[in-house]
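Heads up, upload-v9.pdb below (PDB, C-alpha atoms):
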MODEL        1
ATOM      1  CA  MET A   1     -42.707  83.523 -48.252
ATOM      2  CA  SER A   2     -45.218  81.874 -45.923
ATOM      3  CA  PRO A   3     -44.127  80.504 -42.508
ATOM      4  CA  THR A   4     -44.415  76.980 -43.931
ATOM      5  CA  GLN A   5     -42.145  77.872 -46.861
ATOM      6  CA  VAL A   6     -39.611  79.508 -44.516
ATOM      7  CA  SER A   7     -39.604  76.405 -42.305
ATOM      8  CA  ALA A   8     -39.104  74.132 -45.337
ATOM      9  CA  ALA A   9     -36.242  76.334 -46.601
ATOM     10  CA  VAL A  10     -34.483  76.141 -43.218
ATOM     11  CA  VAL A  11     -34.832  72.344 -43.124
ATOM     12  CA  ASP A  12     -33.465  72.158 -46.681
ATOM     13  CA  ASP A  13     -30.533  74.446 -45.776
ATOM     14  CA  GLU A  14     -29.721  72.366 -42.712
ATOM     15  CA  ALA A  15     -29.763  69.207 -44.855
ATOM     16  CA  ARG A  16     -27.490  70.841 -47.455
ATOM     17  CA  ILE A  17     -25.054  71.864 -44.712
ATOM     18  CA  ARG A  18     -25.021  68.328 -43.286
ATOM     19  CA  VAL A  19     -24.143  66.967 -46.740
ATOM     20  CA  LEU A  20     -21.404  69.603 -47.173
ATOM     21  CA  ILE A  21     -19.815  68.725 -43.816
ATOM     22  CA  ALA A  22     -20.169  64.963 -44.382
ATOM     23  CA  ARG A  23     -18.402  65.293 -47.752
ATOM     24  CA  TRP A  24     -15.674  67.386 -46.106
ATOM     25  CA  ALA A  25     -15.154  64.722 -43.405
ATOM     26  CA  GLN A  26     -15.048  61.941 -46.003
ATOM     27  CA  SER A  27     -12.419  63.920 -47.935
ATOM     28  CA  VAL A  28     -10.386  64.405 -44.752
ATOM     29  CA  HIS A  29     -10.585  60.670 -44.091
ATOM     30  CA  ARG A  30      -9.468  59.853 -47.668
ATOM     31  CA  GLY A  31      -6.668  62.440 -47.685
ATOM     32  CA  ASP A  32      -8.307  64.231 -50.629
ATOM     33  CA  ILE A  33      -7.110  67.842 -50.425
ATOM     34  CA  ASP A  34      -9.358  69.067 -53.267
ATOM     35  CA  GLY A  35     -12.378  67.565 -51.517
ATOM     36  CA  VAL A  36     -11.314  69.139 -48.211
ATOM     37  CA  LEU A  37     -11.062  72.564 -49.872
ATOM     38  CA  ALA A  38     -14.385  72.267 -51.694
ATOM     39  CA  GLY A  39     -17.158  74.221 -50.065
ATOM     40  CA  HIS A  40     -14.845  76.638 -48.252
ATOM     41  CA  ALA A  41     -14.800  80.416 -48.603
ATOM     42  CA  GLU A  42     -11.659  82.056 -50.003
ATOM     43  CA  ARG A  43     -11.400  84.206 -46.875
ATOM     44  CA  LEU A  44     -11.652  81.289 -44.475
ATOM     45  CA  ALA A  45     -10.664  81.721 -40.818
ATOM     46  CA  MET A  46      -9.556  78.545 -39.067
ATOM     47  CA  TYR A  47      -8.231  77.667 -35.621
ATOM     48  CA  ASN A  48      -6.672  74.238 -35.433
ATOM     49  CA  VAL A  49      -5.264  71.900 -32.790
ATOM     50  CA  ALA A  50      -1.840  72.131 -34.469
ATOM     51  CA  PRO A  51       0.113  75.347 -35.181
ATOM     52  CA  PRO A  52      -0.154  78.067 -36.187
ATOM     53  CA  TYR A  53      -2.007  78.810 -32.951
ATOM     54  CA  GLU A  54      -3.011  82.285 -34.126
ATOM     55  CA  GLY A  55      -5.039  80.564 -36.845
ATOM     56  CA  ILE A  56      -5.097  80.964 -40.592
ATOM     57  CA  ARG A  57      -6.940  83.484 -42.730
ATOM     58  CA  SER A  58      -7.206  82.087 -46.255
ATOM     59  CA  ARG A  59      -8.086  78.994 -48.202
ATOM     60  CA  ALA A  60      -4.494  78.883 -49.496
ATOM     61  CA  ALA A  61      -3.160  78.703 -45.915
ATOM     62  CA  TYR A  62      -5.827  76.103 -45.068
ATOM     63  CA  ARG A  63      -4.504  73.893 -47.876
ATOM     64  CA  VAL A  64      -1.021  73.824 -46.304
ATOM     65  CA  ILE A  65      -2.098  72.475 -42.901
ATOM     66  CA  TRP A  66      -3.618  69.194 -44.124
ATOM     67  CA  PRO A  67      -0.699  67.047 -45.444
ATOM     68  CA  PRO A  68       0.677  66.223 -41.950
ATOM     69  CA  LEU A  69      -2.768  65.059 -40.827
ATOM     70  CA  PHE A  70      -3.139  62.948 -43.975
ATOM     71  CA  ALA A  71       0.257  61.320 -43.263
ATOM     72  CA  TRP A  72      -0.834  60.588 -39.673
ATOM     73  CA  GLN A  73      -4.104  59.066 -40.892
ATOM     74  CA  ALA A  74      -2.181  56.852 -43.325
ATOM     75  CA  LEU A  75      -0.728  55.208 -40.206
ATOM     76  CA  GLY A  76      -4.228  54.041 -39.229
ATOM     77  CA  ALA A  77      -5.765  57.043 -37.461
ATOM     78  CA  ARG A  78      -9.533  57.608 -37.596
ATOM     79  CA  PHE A  79     -11.543  60.713 -38.447
ATOM     80  CA  ASP A  80     -15.210  59.814 -38.016
ATOM     81  CA  ILE A  81     -18.018  62.253 -37.203
ATOM     82  CA  GLU A  82     -20.143  60.850 -34.372
ATOM     83  CA  SER A  83     -22.577  63.720 -33.929
ATOM     84  CA  LEU A  84     -23.402  66.827 -35.928
ATOM     85  CA  ASP A  85     -25.802  69.628 -35.022
ATOM     86  CA  VAL A  86     -26.711  72.344 -37.540
ATOM     87  CA  THR A  87     -28.590  75.615 -37.121
ATOM     88  CA  ALA A  88     -29.289  77.613 -40.277
ATOM     89  CA  GLY A  89     -30.639  81.085 -40.813
ATOM     90  CA  THR A  90     -31.284  82.802 -44.107
ATOM     91  CA  ASP A  91     -27.643  83.496 -44.997
ATOM     92  CA  VAL A  92     -25.632  82.511 -41.895
ATOM     93  CA  ALA A  93     -25.394  79.137 -40.144
ATOM     94  CA  TYR A  94     -23.307  77.292 -37.638
ATOM     95  CA  ALA A  95     -22.664  73.655 -36.893
ATOM     96  CA  HIS A  96     -20.813  71.714 -34.257
ATOM     97  CA  ALA A  97     -19.625  68.137 -34.250
ATOM     98  CA  LEU A  98     -17.838  65.529 -32.181
ATOM     99  CA  VAL A  99     -15.321  63.368 -34.052
ATOM    100  CA  ARG A 100     -13.507  60.161 -33.136
ATOM    101  CA  CYS A 101     -10.045  61.245 -34.135
ATOM    102  CA  GLY A 102      -6.996  59.248 -33.154
ATOM    103  CA  THR A 103      -4.857  56.223 -33.715
ATOM    104  CA  PRO A 104      -6.145  52.847 -32.496
ATOM    105  CA  GLN A 105      -3.735  53.067 -29.537
ATOM    106  CA  GLU A 106      -4.850  56.605 -28.612
ATOM    107  CA  LEU A 107      -8.516  55.637 -28.805
ATOM    108  CA  ALA A 108      -7.909  52.461 -26.752
ATOM    109  CA  GLU A 109      -6.140  54.499 -24.055
ATOM    110  CA  ARG A 110      -8.808  57.242 -24.059
ATOM    111  CA  PRO A 111     -12.005  55.829 -25.606
ATOM    112  CA  GLU A 112     -14.015  58.891 -24.582
ATOM    113  CA  LEU A 113     -11.692  61.336 -26.380
ATOM    114  CA  ARG A 114     -13.390  63.344 -29.131
ATOM    115  CA  LEU A 115     -12.213  66.147 -31.386
ATOM    116  CA  ARG A 116     -14.599  69.097 -31.177
ATOM    117  CA  LEU A 117     -15.420  70.964 -34.383
ATOM    118  CA  THR A 118     -17.296  74.203 -34.873
ATOM    119  CA  PHE A 119     -18.185  75.576 -38.305
ATOM    120  CA  GLY A 120     -19.448  79.016 -39.290
ATOM    121  CA  LEU A 121     -21.096  79.107 -42.705
ATOM    122  CA  VAL A 122     -22.335  81.816 -45.033
ATOM    123  CA  LYS A 123     -24.428  81.627 -48.148
ATOM    124  CA  GLU A 124     -22.570  82.901 -51.230
ATOM    125  CA  ARG A 125     -24.413  83.069 -54.544
ATOM    126  CA  GLY A 126     -27.058  80.714 -53.161
ATOM    127  CA  GLU A 127     -24.588  78.059 -51.909
ATOM    128  CA  TRP A 128     -23.422  77.388 -48.365
ATOM    129  CA  VAL A 129     -19.667  77.688 -47.801
ATOM    130  CA  ILE A 130     -17.615  77.206 -44.670
ATOM    131  CA  ALA A 131     -16.131  80.544 -43.609
ATOM    132  CA  HIS A 132     -14.897  79.554 -40.138
ATOM    133  CA  GLU A 133     -13.614  76.344 -38.547
ATOM    134  CA  HIS A 134     -12.422  75.681 -35.031
ATOM    135  CA  HIS A 135     -10.914  72.321 -34.058
ATOM    136  CA  SER A 136     -10.039  71.468 -30.455
ATOM    137  CA  PHE A 137      -9.499  68.647 -28.015
ATOM    138  CA  PRO A 138     -10.615  68.937 -24.395
ATOM    139  CA  HIS A 139      -7.874  70.177 -22.095
ATOM    140  CA  ASP A 140      -7.308  67.970 -19.066
TER     141      ASP A 140
ENDMDL
END
Would you mind writing the file's structure down as structure tokens?
Amino acid sequence: MSPTQVSAAVVDDEARIRVLIARWAQSVHRGDIDGVLAGHAERLAMYNVAPPYEGIRSRAAYRVIWPPLFAWQALGARFDIESLDVTAGTDVAYAHALVRCGTPQELAERPELRLRLTFGLVKERGEWVIAHEHHSFPHD
């Protein structure tokens, strides 16, 4: 592959990862568990704001953590990606994002508050999948 072809492949991979993460965020916002699970590796590792604090180690365990967040969002909370940066290699990539995540009252009280997301991705059978997620809020 020529340097130009490698550069084009990286740009294409970064674009594909952006679409994958945007679809994931839209599914989170809609409360669509199947959409949230799509594009995730079976052996997913995830560290979340909510328990379990030691994290989870499977897609099945990942499925279980979402219903409370969906219920909270149904009360009017937001989950909107404001910024997303992606760096892709040949078969490994990472991305990080800032998300407006909170109820209208929480966001009015702390308008600068953002959820921080980090994703680790791997390419499986030619497709990018999320193999690692880390969600956190700044600690005051």
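Across A:Ala25, A:Gly55, A:Asp12, A:Gly31, the tightest approach to Glu127 in chain A is made by A:Asp12 when counting only C-alpha atoms.
Across A:Ile130, A:Pro51, A:Gly39, A:Arg114, the tightest approach to Val64 in chain A is made by A:Pro51 when counting all atoms listed in the file.
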## Note on the structure
Of A:Asp34, A:Glu112, A:Glu14, A:Glu124, the one nearest to Tyr62 in chain A when counting only C-alpha atoms is A:Asp34
### CA of Cys101 in chain A to CA of Phe79 in chain A, straight-line distance in Å
4.6 Å
### Task
List every protein, DNA or RNA residue that has at least one atom no more than 10 Å from (-10.4, 71.9, -52.0) in the file's coordinates, counting only C-alpha atoms, and write the result as a PyMOL selection string.
chain A and resi 24+27+32-40+59-60+62-63
### Hits of the PyMOL selection byres ((chain A and resi 92) around 12) in this structure, as an MDAnalysis selection string
chainID A and resid 10 13:14 17 86:91 93:95 119:124 126:132
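Take the candidates A:Val28, A:Ala71, A:Ala45, A:Ile81 and check each one against Ala97 in chain A using all atoms listed in the file; the shortest distance goes to A:Ile81.
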### Message
Between A:Thr118, A:Ala15, A:Pro52, A:His29, which residue has the minimum interatomic distance to Gly76 in chain A, considering all atoms listed in the file?
### Response
A:His29
### Task
List, as a PyMOL selection string, every residue that the PyMOL selection byres ((chain A and resi 135) around 8) selects in the file provided.
chain A and resi 47-49+115-118+133-134+136-137
### Task
Could you tell me how far CA of Pro104 in chain A lies from CA of Gln73 in chain A, in Å and to one decimal?
10.6 Å
### Query
Could you state the separation of CA of Tyr53 in chain A and CA of Glu109 in chain A in Å, given to one decimal place?
26.2 Å
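Distance check against Arg100 in chain A using all atoms listed in the file: of A:Trp66, A:Ala77, A:Ala41, A:Asp85, the minimum falls on A:Ala77.
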